[in-house]
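A.B. asks: Sharing a structure here in structure tokens format.
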Amino acid sequence: MNAHLSRRAFLQSTGALVVAFGAADAGLAQAPGSAGAPGRVLDPARVDAYLALHPDGTMTIYCGKVDLGTGLRIAIPQMAAEELGIGLEKINLIEGDTALTPDQGTTAGSTGIARGGVQIRQAAATAREALQRMGAERLGLAPADVVATEGEVRPRNGGAGIGFGELIGDRQFALKLDAKAPLRNPDDYLLVGKPLRRPDIPAKVTGTHLYVHNLRVDGMLHGRIVRPPAVDAKLVSIDESSIAHIPGVRVVRIENFLGVVAEDEWDAVRASRALEANWETRDTLVGDEALRQSMQAGPFESDEVLLKKGDARSALASASDRLRSEFYWPVQTHGSMGPSCAVADVRDGKATIWTASQGTHRFRFAFAHFLGLPEDAVRLIYLDGAGCYGMNGHDDAAADAALMSRALGRPVRVQWMREDEHRFDPKGPPQLLALEGALGSDGKIAAWRTEMWIPKATASLPNVPLLGPDAAGAKQPMGISTGLISQNASPPYGVKNVDVLAHWLKDAPLRPSNIRAPGKIANIFAVESFTDELAAKAREDSLAFRLNSLEDPRGVEVLKRAAALLGWQARPSPGPGGLGRGIAYVHYKDNENYVAIAMEVEVDRPTGAIHVRRVACAHDCGLMINPDGVRSQVEGNILQTLSRALFEEIKFDRKGVTSADWASYPILTYPDVPELLIDLVQRPHEPPLGAGEASAAPVAAALANAVHDACGIQLRTVPFTRERVRTALSGEGKSG
Amino acid sequence: MASVSMTINGKAVRANVEPRTLLVEFLREHQRLTGTHVGCDTSQCGACTIHMDGKGVKSCTVLALQCEGAQITTIEGLANGEELHPMQAAFRENHGLQCGYCTPGMIMAAIDIVKRKGHDLDEHVIREELEGNICRCTGYHNIVKSIAAGAKAMRGHAGLQQAAE
Ligand code: FES
Ligand code: FES
């Protein structure tokens, strides 16, 4: 795709798609406030919202979920093509365009396949039924005597068929999505389950792929934001003479929002650096060092019992020997490789925004609101950004661009600088857990309590509040967004007495949002590390300790497979020294993927460095659509979470983030990458689940358990820096 | 404004630039070669790696003016028409990317490593040499596999490689 498109050509290229499938249904009203391009049906209950068959036999899929480098761009066409019976080469996919695609929810929580893909598959199944009926009629056969395959309806017993395009012709029908339309038998799959190649790779290796960073529209200005030196700062004054030497720069100031634009990007960068602004700052933050303590002090929104089985309190009180440990996970950033970027064109009562948002539909309301436009005058179009792993700064950059475009009446492109990203992207919130447990006389876990101190997400908050509109004084619903961070906080090992109690904090430092596998990584870090502490107390091998109490056969299978991959030797931990090995398990969200991770590490005592040698992962996400895509996601989950566990913590003082680049916020680099052994379980007859999150959850626990096995220290505070390891080693056994 | 001339992907280019303009800015905005990505603007990520006179360089660390008379190759200059450079083909074959944002820099750095270290690269060498290129999707394994395969495939393509420089 040419990176420089005229706006008209761009809109035409995505907006002129003809809907041949169910265009005229008098009763087909669109959901209120969801006006699309002319002729587009956006009602998620209609087949036409997802699929359009064209007279030439090609098909367009309109997908509300987006490919974040995650492989949906091949997996979803695989599902639709398989179900309909059409070649993949006939399919064109459009993603995340509020004027063209139905609202299938934000691309988050690993729901792309499990919800988005499954919906589209059901639309394809519904369409196939209809096509088979039409084809059978034309062939003079019963519907049961025809099949849909290779873009045709053919007699089951052979003979010439009729192409889908010809069947549709100019006839019109409208279809409701039929939740009961029968699906093909997975045993007959031709495309699903195959490691087919992603279509976006060729352009990504030649440098011609259209990332949002590369989009240029006619008349566009380049913008940069001038960030305050502290969060919640007030802009007192600016001195425009400080940038008088840079030609053609314009300043956009709306209350505390400050940006600059120029025809030339470099001029905008220079101006944003040179512009002298006087800010009034306040010390509003607690700072990273005091954060952990402050979380137990509140203020609290409420206490909530999330799970209660049996009577954990009295079982613990009467236990002769119980353990209690605290686990802490710090604030972290998404750390996208590219700075957030967007292009907005707001004028003549309309807004078009090109954005790498995970939730174009979700944010349309927010944009309409702060721009003061009706919702159906706002169109958000997804374009690829750098991988984001949750809500990074993309939506903020889009709002920045929209505010400046509205002020200037011209399209504006805003790209953040690296320090904007590290300082201002919404952050993964901190989590503190205290676990208590005791063994029974059978050597199994008899009682367990989890207490957690975590920020409370604001009920029915439509979206993470956006920085630009906030600074500009625009009204928007304020509150906290975190993702579902309280799941997976109890052991999956059939314990009879369990309590899970959440102390919901009113506040979170810095602005939180969802970050990959929200909350579950820290919760499983605590739960599965503590499970090992109990296993060690029982002098039991930690794999056997789990298998003794785990009933779910899919869980048992991944544990056994991961252990086998690593060559697990049964013995209690800690081991004799040298290489240590650890294992951890998750049944993701208690009802999704089954994942076990076993890991082998070496700890360099003098330096405190942890060297991860090998990581084995067995992963069961039900029906795998594209094993190559799943493998990539699993590898990414493992390595990214190793990075988060070993190195990452956002440092901040009372004014704001101080770790504003890759030197002060180091992440995993090549030399630290372990060998990966991955075993993907294919379960064709189970529902397909996502793969973008689950395998992240057991990583930190497996790592901590391996470190304990290697040298007897139990790391309970992330990141596992060299200093922490050294300190723990110097007080061996009672570390944290 | 100062005048600068260089050869980019085999084409002679002359332009006037503000003297502090970075090479990466010059490539992306003035030459519209947006395949070279900006990741950090602090020389810490490698996303902007290009070749200058045949050597891998982070283009956010060089001023456009410093490239007077230089031969610059960017990711767009590697393929020979429809035919991918062997390193690009290897990344495609080995699924050597996820979001792909780091990929142009990885590919340019990889070719530079092959030139310095030869065609038989063991995993260890690749990892050590790529320490300056980071990938947040952490698709490191496929990247290493891609580079090892690409390095081998480049042996037969020396001519093509020189033509690209
Ligand atoms: S952009 Fe040049 S090294 Fe990151
Ligand atoms: S592939 Fe996404 S940053 Fe490397």
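We label chains A, B, ... in the order they appear in the structure tokens, count residues from 1 in each chain, and number ligands from 1 in the order shown.
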Do you know which residues are at most 7 Å from Ala151 (chain B) counting only C-alpha atoms, after dropping those on the same chain fewer than 4 positions away, and could you put them as a ChimeraX atom specification?
C.D. replies: /B:87,114,119-120,147
A.B. asks: What lies within 7 Å of region 69-81 of chain B using only C-alpha atoms, ignoring chain neighbours under 6 positions off, as number ranges by chain?
C.D. replies: A: 206-207; B: 5-9, 35-36, 50-53, 104, 108, 164-165
A.B. asks: Using only C-alpha atoms and all ligand atoms, find each residue in chain B having at least one atom no more than 6 Å away from ligand 1; report its shortest atom-to-atom pair and that distance in Å (one decimal), rows by chain then rising number, as JSON lines.
C.D. replies:
{"residue": "B:Val38", "atom": "CA", "partner": "ligand 1", "partner_atom_place_in_ligand_line": "1 (S)", "distance": 4.1}
{"residue": "B:Gly39", "atom": "CA", "partner": "ligand 1", "partner_atom_place_in_ligand_line": "1 (S)", "distance": 4.1}
{"residue": "B:Cys40", "atom": "CA", "partner": "ligand 1", "partner_atom_place_in_ligand_line": "4 (Fe)", "distance": 3.9}
{"residue": "B:Asp41", "atom": "CA", "partner": "ligand 1", "partner_atom_place_in_ligand_line": "1 (S)", "distance": 4.4}
{"residue": "B:Thr42", "atom": "CA", "partner": "ligand 1", "partner_atom_place_in_ligand_line": "4 (Fe)", "distance": 5.8}
{"residue": "B:Ser43", "atom": "CA", "partner": "ligand 1", "partner_atom_place_in_ligand_line": "3 (S)", "distance": 3.4}
{"residue": "B:Gln44", "atom": "CA", "partner": "ligand 1", "partner_atom_place_in_ligand_line": "3 (S)", "distance": 4.6}
{"residue": "B:Cys45", "atom": "CA", "partner": "ligand 1", "partner_atom_place_in_ligand_line": "4 (Fe)", "distance": 3.9}
{"residue": "B:Gly46", "atom": "CA", "partner": "ligand 1", "partner_atom_place_in_ligand_line": "3 (S)", "distance": 3.9}
{"residue": "B:Ala47", "atom": "CA", "partner": "ligand 1", "partner_atom_place_in_ligand_line": "4 (Fe)", "distance": 5.2}
{"residue": "B:Cys48", "atom": "CA", "partner": "ligand 1", "partner_atom_place_in_ligand_line": "2 (Fe)", "distance": 4.5}
{"residue": "B:Lys58", "atom": "CA", "partner": "ligand 1", "partner_atom_place_in_ligand_line": "2 (Fe)", "distance": 5.1}
{"residue": "B:Ser59", "atom": "CA", "partner": "ligand 1", "partner_atom_place_in_ligand_line": "2 (Fe)", "distance": 5.8}
{"residue": "B:Cys60", "atom": "CA", "partner": "ligand 1", "partner_atom_place_in_ligand_line": "2 (Fe)", "distance": 4.3}
A.B. asks: Select, from B:Ser146, B:Asn94, B:Thr21, B:Gln31, the residue with the minimum atom-to-atom distance to chain A, counting only C-alpha atoms.
C.D. replies: B:Thr21
A.B. asks: List every residue of chain A that has an atom at most 8 Å from any atom of ligand 2, and for each one report the closest atom pair and its distance in Å to one decimal, counting only C-alpha atoms and all ligand atoms, with rows sorted by chain and then by increasing residue number, as a tab-separated table.
C.D. replies:
residue	atom	partner	partner_atom_place_in_ligand_line	distance
A:Gly69	CA	ligand 2	2 (Fe)	6.8
A:Ser336	CA	ligand 2	3 (S)	7.1
A:Met337	CA	ligand 2	3 (S)	5.2
A:Gly338	CA	ligand 2	3 (S)	7.7
A:Ala386	CA	ligand 2	2 (Fe)	6.0
A:Gly387	CA	ligand 2	2 (Fe)	5.1
A.B. asks: Restricting the output to C-alpha atoms, write the selected residues as a compact mmCIF listing (two decimals), in the first residue's frame.
C.D. replies:
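The new file again.txt reads:
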# COMPACT_ATOMS: atom_id res chain seq x y z
CA GLY A 69 0.60 -8.18 15.32
CA SER A 336 5.60 -0.35 22.85
CA MET A 337 8.51 -0.29 20.46
CA GLY A 338 7.03 2.59 18.48
CA ALA A 386 3.59 -0.92 17.12
CA GLY A 387 2.43 -3.85 19.27
A.B. asks: If you run DSSP on the backbone, which residues of region 473-666 of chain A are helix (DSSP H, G or I), as an MDAnalysis selection string?
C.D. replies: chainID A and resid 520:537 542:549 553:566 588:590 627:647
A.B. asks: Report as a list in words the set of chain B residues whose atoms approach chain A to within 6 Å, with distances computed over only C-alpha atoms.
C.D. replies: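 Taking only C-alpha atoms into account, Thr34, Gly35, Gly39, Cys40, Ile75, Glu76, Gln88, Gln98, Cys99, Gly100, Tyr101, Arg127, Glu128, Glu131, Arg136, Cys137, Thr138 and Gly139 of chain B sit within 6 Å of chain A.
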A.B. asks: Could you please determine the separation between CA of Arg406 (chain A) and CA of Ile254 (chain A) in Å, to one decimal place?
C.D. replies: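 Spanning CA of Arg406 (chain A) to CA of Ile254 (chain A) is a straight-line distance of 11.3 Å.
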